[in-house]
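Peer 1: Just passing along the structure, written as structure tokens.
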Amino acid sequence: GVSELRLISMDEVALHNKRTDCWMVIAGKVYNVTHYLEYHPGGKGELMRAAGRDGTDLFIKTHQWVNAESILRECMIGFCSGPSKNQT
Ligand code: HEM
């Protein structure tokens with residue numbers, strides 16, 4: 001639930017860059033997308049390009065119209081605490 005959300009640094013996000021343990025920042029929010037990987041319409045490989053990183057720029061470039069906040073509601077684990085640009 002919302003009460004479990006916390007501030008998460010990019011250093012911590014970067015530790016989770018594997019298919020079996022994959023975190024990603026989209027628009028300042030940190031998501032555990034490990035289970036979503038199977039369902040990403042663009043494929044696992046595409047989504048993995050932003051594994052452990054800030055995927056916002058890639059996300060906007062590929063599908064600005066997609067509502068990530070809604071799709072990943074259950075996957076949200078916190079907010080990105082620091083500078084998260086220059087990642088992808
Ligand atoms: C396609 C969701 C991140 C690359 C899609 C589609 C959805 C989606 C719903 C289908 C879009 C449509 O048909 O209109 C998400 C979510 C993301 C995410 C919720 C957040 C984690 C990314 C990232 C990349 C990416 C980081 C990196 C490049 C693509 C590509 C397609 C796609 C290449 C296929 C586009 C096409 O075939 O026309 N994604 N995506 N996505 N996504 Fe993502």
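Following the order of the structure tokens, chains are lettered A, B, ..., residues in each are numbered from 1, and ligands are numbered from 1.
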What's the 8 Å shell around stretch 68-81 of chain A, counting only C-alpha atoms, without same-chain residues fewer than 5 positions away, as a short mmCIF file (atom, residue, chain, number, x, y, z; two decimals) with N, CA, C and O atoms, in the first residue's frame?

Peer 2:
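Saved file around-v2.cif follows:
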data_model
loop_
_atom_site.label_atom_id
_atom_site.label_comp_id
_atom_site.auth_asym_id
_atom_site.auth_seq_id
_atom_site.Cartn_x
_atom_site.Cartn_y
_atom_site.Cartn_z
N GLU A 4 3.76 2.13 2.41
CA GLU A 4 5.06 1.45 2.33
C GLU A 4 6.00 2.10 1.34
O GLU A 4 7.14 1.68 1.19
N LEU A 5 5.53 3.13 0.63
CA LEU A 5 6.38 3.78 -0.35
C LEU A 5 7.51 4.52 0.37
O LEU A 5 7.32 5.04 1.46
N ARG A 6 8.69 4.56 -0.24
CA ARG A 6 9.82 5.23 0.39
C ARG A 6 10.68 5.93 -0.66
O ARG A 6 10.48 5.72 -1.86
N LEU A 7 11.64 6.72 -0.19
CA LEU A 7 12.58 7.36 -1.08
C LEU A 7 13.68 6.36 -1.42
O LEU A 7 14.23 5.72 -0.52
N ILE A 8 14.00 6.24 -2.68
CA ILE A 8 14.99 5.26 -3.14
C ILE A 8 16.02 5.97 -4.02
O ILE A 8 15.66 6.72 -4.92
N SER A 9 17.29 5.74 -3.73
CA SER A 9 18.36 6.39 -4.50
C SER A 9 18.60 5.67 -5.82
O SER A 9 18.29 4.47 -5.96
N MET A 10 19.20 6.36 -6.78
CA MET A 10 19.55 5.72 -8.06
C MET A 10 20.58 4.63 -7.85
O MET A 10 20.62 3.65 -8.59
N VAL A 25 13.01 3.54 -13.02
CA VAL A 25 12.37 4.82 -12.70
C VAL A 25 11.63 5.33 -13.93
O VAL A 25 12.19 5.34 -15.03
N ILE A 26 10.37 5.67 -13.75
CA ILE A 26 9.61 6.35 -14.80
C ILE A 26 8.97 7.57 -14.16
O ILE A 26 8.20 7.43 -13.20
N GLY A 28 10.01 9.83 -12.12
CA GLY A 28 10.26 10.06 -10.69
C GLY A 28 9.76 8.98 -9.76
O GLY A 28 10.02 9.03 -8.56
N LYS A 29 9.07 7.98 -10.31
CA LYS A 29 8.58 6.89 -9.48
C LYS A 29 9.38 5.62 -9.74
O LYS A 29 9.73 5.34 -10.88
N VAL A 30 9.66 4.90 -8.67
CA VAL A 30 10.43 3.66 -8.80
C VAL A 30 9.48 2.47 -8.84
O VAL A 30 8.61 2.34 -7.98
N TYR A 31 9.68 1.64 -9.88
CA TYR A 31 8.83 0.47 -10.04
C TYR A 31 9.67 -0.81 -10.04
O TYR A 31 10.77 -0.83 -10.61
N ASN A 32 9.14 -1.85 -9.43
CA ASN A 32 9.72 -3.17 -9.59
C ASN A 32 8.98 -3.80 -10.77
O ASN A 32 7.83 -4.23 -10.64
N VAL A 33 9.63 -3.84 -11.93
CA VAL A 33 8.98 -4.31 -13.16
C VAL A 33 9.31 -5.77 -13.48
O VAL A 33 9.04 -6.25 -14.58
N TYR A 36 6.31 -7.49 -14.57
CA TYR A 36 5.72 -6.85 -15.76
C TYR A 36 6.49 -7.20 -17.04
O TYR A 36 5.91 -7.17 -18.13
#

Peer 1: Could you pull the residues within 8 Å of A:Ala14, counting only C-alpha atoms, minus those fewer than 4 positions along the same chain, as a list in words?

Peer 2: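 Residues near the query, excluding close chain neighbours: Met10, Trp23, Ala51, Gly52 and Arg53 of chain A.
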
Peer 1: Against ligand 1, which residues of chain A fall within 7 Å? For each one I want the closest pair of atoms and the distance in Å (one decimal), counting only C-alpha atoms and all ligand atoms, rows by chain and increasing residue number, as JSON lines.

Peer 2:
{"residue": "A:Met24", "atom": "CA", "partner": "ligand 1", "partner_atom_place_in_ligand_line": "21 (C)", "distance": 6.7}
{"residue": "A:Ile26", "atom": "CA", "partner": "ligand 1", "partner_atom_place_in_ligand_line": "20 (C)", "distance": 6.6}
{"residue": "A:Val33", "atom": "CA", "partner": "ligand 1", "partner_atom_place_in_ligand_line": "21 (C)", "distance": 6.5}
{"residue": "A:His40", "atom": "CA", "partner": "ligand 1", "partner_atom_place_in_ligand_line": "8 (C)", "distance": 5.5}
{"residue": "A:Pro41", "atom": "CA", "partner": "ligand 1", "partner_atom_place_in_ligand_line": "5 (C)", "distance": 4.6}
{"residue": "A:Gly42", "atom": "CA", "partner": "ligand 1", "partner_atom_place_in_ligand_line": "31 (C)", "distance": 3.4}
{"residue": "A:Gly43", "atom": "CA", "partner": "ligand 1", "partner_atom_place_in_ligand_line": "31 (C)", "distance": 7.0}
{"residue": "A:Glu46", "atom": "CA", "partner": "ligand 1", "partner_atom_place_in_ligand_line": "27 (C)", "distance": 4.7}
{"residue": "A:Leu47", "atom": "CA", "partner": "ligand 1", "partner_atom_place_in_ligand_line": "23 (C)", "distance": 4.4}
{"residue": "A:Arg49", "atom": "CA", "partner": "ligand 1", "partner_atom_place_in_ligand_line": "27 (C)", "distance": 5.7}
{"residue": "A:Ala50", "atom": "CA", "partner": "ligand 1", "partner_atom_place_in_ligand_line": "26 (C)", "distance": 5.0}
{"residue": "A:Gly55", "atom": "CA", "partner": "ligand 1", "partner_atom_place_in_ligand_line": "26 (C)", "distance": 4.6}
{"residue": "A:Thr56", "atom": "CA", "partner": "ligand 1", "partner_atom_place_in_ligand_line": "26 (C)", "distance": 6.8}
{"residue": "A:Leu58", "atom": "CA", "partner": "ligand 1", "partner_atom_place_in_ligand_line": "27 (C)", "distance": 4.9}
{"residue": "A:Phe59", "atom": "CA", "partner": "ligand 1", "partner_atom_place_in_ligand_line": "23 (C)", "distance": 4.7}
{"residue": "A:Thr62", "atom": "CA", "partner": "ligand 1", "partner_atom_place_in_ligand_line": "4 (C)", "distance": 5.6}
{"residue": "A:His63", "atom": "CA", "partner": "ligand 1", "partner_atom_place_in_ligand_line": "11 (C)", "distance": 6.2}
{"residue": "A:Val66", "atom": "CA", "partner": "ligand 1", "partner_atom_place_in_ligand_line": "9 (C)", "distance": 5.6}
{"residue": "A:Asn67", "atom": "CA", "partner": "ligand 1", "partner_atom_place_in_ligand_line": "19 (C)", "distance": 6.8}
{"residue": "A:Ala68", "atom": "CA", "partner": "ligand 1", "partner_atom_place_in_ligand_line": "19 (C)", "distance": 4.2}
{"residue": "A:Ile71", "atom": "CA", "partner": "ligand 1", "partner_atom_place_in_ligand_line": "19 (C)", "distance": 5.5}
{"residue": "A:Leu72", "atom": "CA", "partner": "ligand 1", "partner_atom_place_in_ligand_line": "19 (C)", "distance": 6.1}

Peer 1: Dump C-alpha atoms for the selected residues as an mmCIF file, in the first residue's frame?

Peer 2:
data_model
loop_
_atom_site.group_PDB
_atom_site.id
_atom_site.type_symbol
_atom_site.label_atom_id
_atom_site.label_comp_id
_atom_site.auth_asym_id
_atom_site.auth_seq_id
_atom_site.Cartn_x
_atom_site.Cartn_y
_atom_site.Cartn_z
ATOM 1 C CA MET A 24 13.118 1.120 -13.135
ATOM 2 C CA ILE A 26 9.611 6.347 -14.802
ATOM 3 C CA VAL A 33 8.982 -4.308 -13.159
ATOM 4 C CA HIS A 40 5.426 -5.652 -21.887
ATOM 5 C CA PRO A 41 3.994 -5.418 -25.425
ATOM 6 C CA GLY A 42 7.354 -4.182 -26.708
ATOM 7 C CA GLY A 43 9.136 -7.253 -25.362
ATOM 8 C CA GLU A 46 13.293 -3.470 -25.017
ATOM 9 C CA LEU A 47 12.195 -2.985 -21.422
ATOM 10 C CA ARG A 49 17.304 -1.387 -21.883
ATOM 11 C CA ALA A 50 16.187 0.677 -18.915
ATOM 12 C CA GLY A 55 13.717 4.854 -18.345
ATOM 13 C CA THR A 56 11.749 8.072 -18.656
ATOM 14 C CA LEU A 58 13.187 5.984 -23.610
ATOM 15 C CA PHE A 59 9.603 5.657 -22.436
ATOM 16 C CA THR A 62 8.704 5.088 -27.684
ATOM 17 C CA HIS A 63 5.188 5.614 -26.339
ATOM 18 C CA VAL A 66 1.028 4.941 -22.607
ATOM 19 C CA ASN A 67 -0.212 5.422 -19.019
ATOM 20 C CA ALA A 68 2.639 3.811 -17.070
ATOM 21 C CA ILE A 71 -0.307 -0.043 -15.747
ATOM 22 C CA LEU A 72 2.355 -0.262 -13.034
#

Peer 1: Tell me which of A:Ile60, A:Leu15, A:Met48, A:Ala27 sits closest to A:Pro83, counting only C-alpha atoms.

Peer 2: A:Ala27

Peer 1: When distances are computed from only C-alpha atoms, which of A:Ser3, A:Gly45, A:Thr34, A:Asp57 shows the smallest separation from A:His16?

Peer 2: A:Thr34

Peer 1: Please report the interatomic distance between atom CA of A:Thr20 and atom CA of A:Tyr39 in Å with one decimal.

Peer 2: 14.1 Å

Peer 1: If you run DSSP on this backbone, which residues of chain A come out as alpha helix (DSSP H), and could you give them as a VMD selection string?

Peer 2: chain A and resid 10 to 14 44 to 48 56 to 63 68 to 71

Peer 1: Those residues with N, CA, C and O atoms, as a PDB file, in the first residue's frame please?

Peer 2:
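Done, and the output landed in result12.pdb:
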ATOM      1  N   MET A  10      19.197   6.361  -6.784  1.00  0.00           N
ATOM      2  CA  MET A  10      19.547   5.721  -8.057  1.00  0.00           C
ATOM      3  C   MET A  10      20.584   4.627  -7.848  1.00  0.00           C
ATOM      4  O   MET A  10      20.624   3.652  -8.587  1.00  0.00           O
ATOM      5  N   ASP A  11      21.427   4.791  -6.827  1.00  0.00           N
ATOM      6  CA  ASP A  11      22.421   3.755  -6.532  1.00  0.00           C
ATOM      7  C   ASP A  11      21.733   2.442  -6.178  1.00  0.00           C
ATOM      8  O   ASP A  11      22.176   1.366  -6.585  1.00  0.00           O
ATOM      9  N   GLU A  12      20.653   2.553  -5.411  1.00  0.00           N
ATOM     10  CA  GLU A  12      19.916   1.336  -5.049  1.00  0.00           C
ATOM     11  C   GLU A  12      19.174   0.774  -6.262  1.00  0.00           C
ATOM     12  O   GLU A  12      19.179  -0.438  -6.492  1.00  0.00           O
ATOM     13  N   VAL A  13      18.561   1.666  -7.042  1.00  0.00           N
ATOM     14  CA  VAL A  13      17.849   1.216  -8.245  1.00  0.00           C
ATOM     15  C   VAL A  13      18.804   0.433  -9.154  1.00  0.00           C
ATOM     16  O   VAL A  13      18.459  -0.621  -9.690  1.00  0.00           O
ATOM     17  N   ALA A  14      20.037   0.945  -9.266  1.00  0.00           N
ATOM     18  CA  ALA A  14      21.026   0.356 -10.175  1.00  0.00           C
ATOM     19  C   ALA A  14      21.389  -1.080  -9.810  1.00  0.00           C
ATOM     20  O   ALA A  14      21.854  -1.842 -10.658  1.00  0.00           O
ATOM     21  N   LYS A  44      10.611  -8.104 -23.672  1.00  0.00           N
ATOM     22  CA  LYS A  44      11.504  -8.027 -22.502  1.00  0.00           C
ATOM     23  C   LYS A  44      12.780  -7.265 -22.819  1.00  0.00           C
ATOM     24  O   LYS A  44      13.253  -6.464 -22.021  1.00  0.00           O
ATOM     25  N   GLY A  45      13.345  -7.561 -23.983  1.00  0.00           N
ATOM     26  CA  GLY A  45      14.622  -6.944 -24.351  1.00  0.00           C
ATOM     27  C   GLY A  45      14.550  -5.435 -24.382  1.00  0.00           C
ATOM     28  O   GLY A  45      15.462  -4.748 -23.896  1.00  0.00           O
ATOM     29  N   GLU A  46      13.468  -4.928 -24.952  1.00  0.00           N
ATOM     30  CA  GLU A  46      13.293  -3.470 -25.017  1.00  0.00           C
ATOM     31  C   GLU A  46      13.196  -2.889 -23.612  1.00  0.00           C
ATOM     32  O   GLU A  46      13.858  -1.912 -23.284  1.00  0.00           O
ATOM     33  N   LEU A  47      12.376  -3.495 -22.777  1.00  0.00           N
ATOM     34  CA  LEU A  47      12.195  -2.985 -21.422  1.00  0.00           C
ATOM     35  C   LEU A  47      13.500  -3.068 -20.629  1.00  0.00           C
ATOM     36  O   LEU A  47      13.823  -2.172 -19.846  1.00  0.00           O
ATOM     37  N   MET A  48      14.288  -4.112 -20.868  1.00  0.00           N
ATOM     38  CA  MET A  48      15.552  -4.291 -20.153  1.00  0.00           C
ATOM     39  C   MET A  48      16.582  -3.219 -20.478  1.00  0.00           C
ATOM     40  O   MET A  48      17.558  -3.053 -19.749  1.00  0.00           O
ATOM     41  N   THR A  56      12.716   7.049 -18.240  1.00  0.00           N
ATOM     42  CA  THR A  56      11.749   8.072 -18.656  1.00  0.00           C
ATOM     43  C   THR A  56      11.955   8.539 -20.100  1.00  0.00           C
ATOM     44  O   THR A  56      10.989   8.612 -20.866  1.00  0.00           O
ATOM     45  N   ASP A  57      13.196   8.832 -20.452  1.00  0.00           N
ATOM     46  CA  ASP A  57      13.449   9.343 -21.808  1.00  0.00           C
ATOM     47  C   ASP A  57      13.091   8.305 -22.875  1.00  0.00           C
ATOM     48  O   ASP A  57      12.428   8.630 -23.867  1.00  0.00           O
ATOM     49  N   LEU A  58      13.519   7.051 -22.662  1.00  0.00           N
ATOM     50  CA  LEU A  58      13.187   5.984 -23.610  1.00  0.00           C
ATOM     51  C   LEU A  58      11.680   5.780 -23.667  1.00  0.00           C
ATOM     52  O   LEU A  58      11.108   5.574 -24.739  1.00  0.00           O
ATOM     53  N   PHE A  59      11.054   5.840 -22.511  1.00  0.00           N
ATOM     54  CA  PHE A  59       9.603   5.657 -22.436  1.00  0.00           C
ATOM     55  C   PHE A  59       8.885   6.712 -23.273  1.00  0.00           C
ATOM     56  O   PHE A  59       8.008   6.398 -24.078  1.00  0.00           O
ATOM     57  N   ILE A  60       9.288   7.957 -23.088  1.00  0.00           N
ATOM     58  CA  ILE A  60       8.643   9.066 -23.808  1.00  0.00           C
ATOM     59  C   ILE A  60       8.902   8.955 -25.308  1.00  0.00           C
ATOM     60  O   ILE A  60       8.010   9.187 -26.128  1.00  0.00           O
ATOM     61  N   LYS A  61      10.123   8.560 -25.666  1.00  0.00           N
ATOM     62  CA  LYS A  61      10.465   8.438 -27.087  1.00  0.00           C
ATOM     63  C   LYS A  61       9.647   7.344 -27.765  1.00  0.00           C
ATOM     64  O   LYS A  61       9.293   7.456 -28.932  1.00  0.00           O
ATOM     65  N   THR A  62       9.368   6.223 -27.042  1.00  0.00           N
ATOM     66  CA  THR A  62       8.704   5.088 -27.684  1.00  0.00           C
ATOM     67  C   THR A  62       7.177   5.165 -27.606  1.00  0.00           C
ATOM     68  O   THR A  62       6.501   4.811 -28.560  1.00  0.00           O
ATOM     69  N   HIS A  63       6.658   5.604 -26.475  1.00  0.00           N
ATOM     70  CA  HIS A  63       5.188   5.614 -26.339  1.00  0.00           C
ATOM     71  C   HIS A  63       4.737   6.589 -25.261  1.00  0.00           C
ATOM     72  O   HIS A  63       4.332   6.178 -24.178  1.00  0.00           O
ATOM     73  N   ALA A  68       1.814   4.706 -17.883  1.00  0.00           N
ATOM     74  CA  ALA A  68       2.639   3.811 -17.070  1.00  0.00           C
ATOM     75  C   ALA A  68       2.163   3.791 -15.624  1.00  0.00           C
ATOM     76  O   ALA A  68       2.153   2.743 -14.974  1.00  0.00           O
ATOM     77  N   GLU A  69       1.763   4.940 -15.144  1.00  0.00           N
ATOM     78  CA  GLU A  69       1.321   5.050 -13.752  1.00  0.00           C
ATOM     79  C   GLU A  69       0.172   4.081 -13.474  1.00  0.00           C
ATOM     80  O   GLU A  69       0.131   3.432 -12.438  1.00  0.00           O
ATOM     81  N   SER A  70      -0.737   3.991 -14.434  1.00  0.00           N
ATOM     82  CA  SER A  70      -1.888   3.103 -14.275  1.00  0.00           C
ATOM     83  C   SER A  70      -1.489   1.638 -14.428  1.00  0.00           C
ATOM     84  O   SER A  70      -1.840   0.798 -13.604  1.00  0.00           O
ATOM     85  N   ILE A  71      -0.702   1.337 -15.472  1.00  0.00           N
ATOM     86  CA  ILE A  71      -0.307  -0.043 -15.747  1.00  0.00           C
ATOM     87  C   ILE A  71       0.529  -0.620 -14.601  1.00  0.00           C
ATOM     88  O   ILE A  71       0.384  -1.775 -14.228  1.00  0.00           O
TER      89      ILE A  71
END

Peer 1: Running DSSP on the backbone, which parts of chain A land in strand (DSSP E or B), as an MDAnalysis selection string?

Peer 2: chainID A and resid 6:8 17:18 21:26 29:32 54 76:80
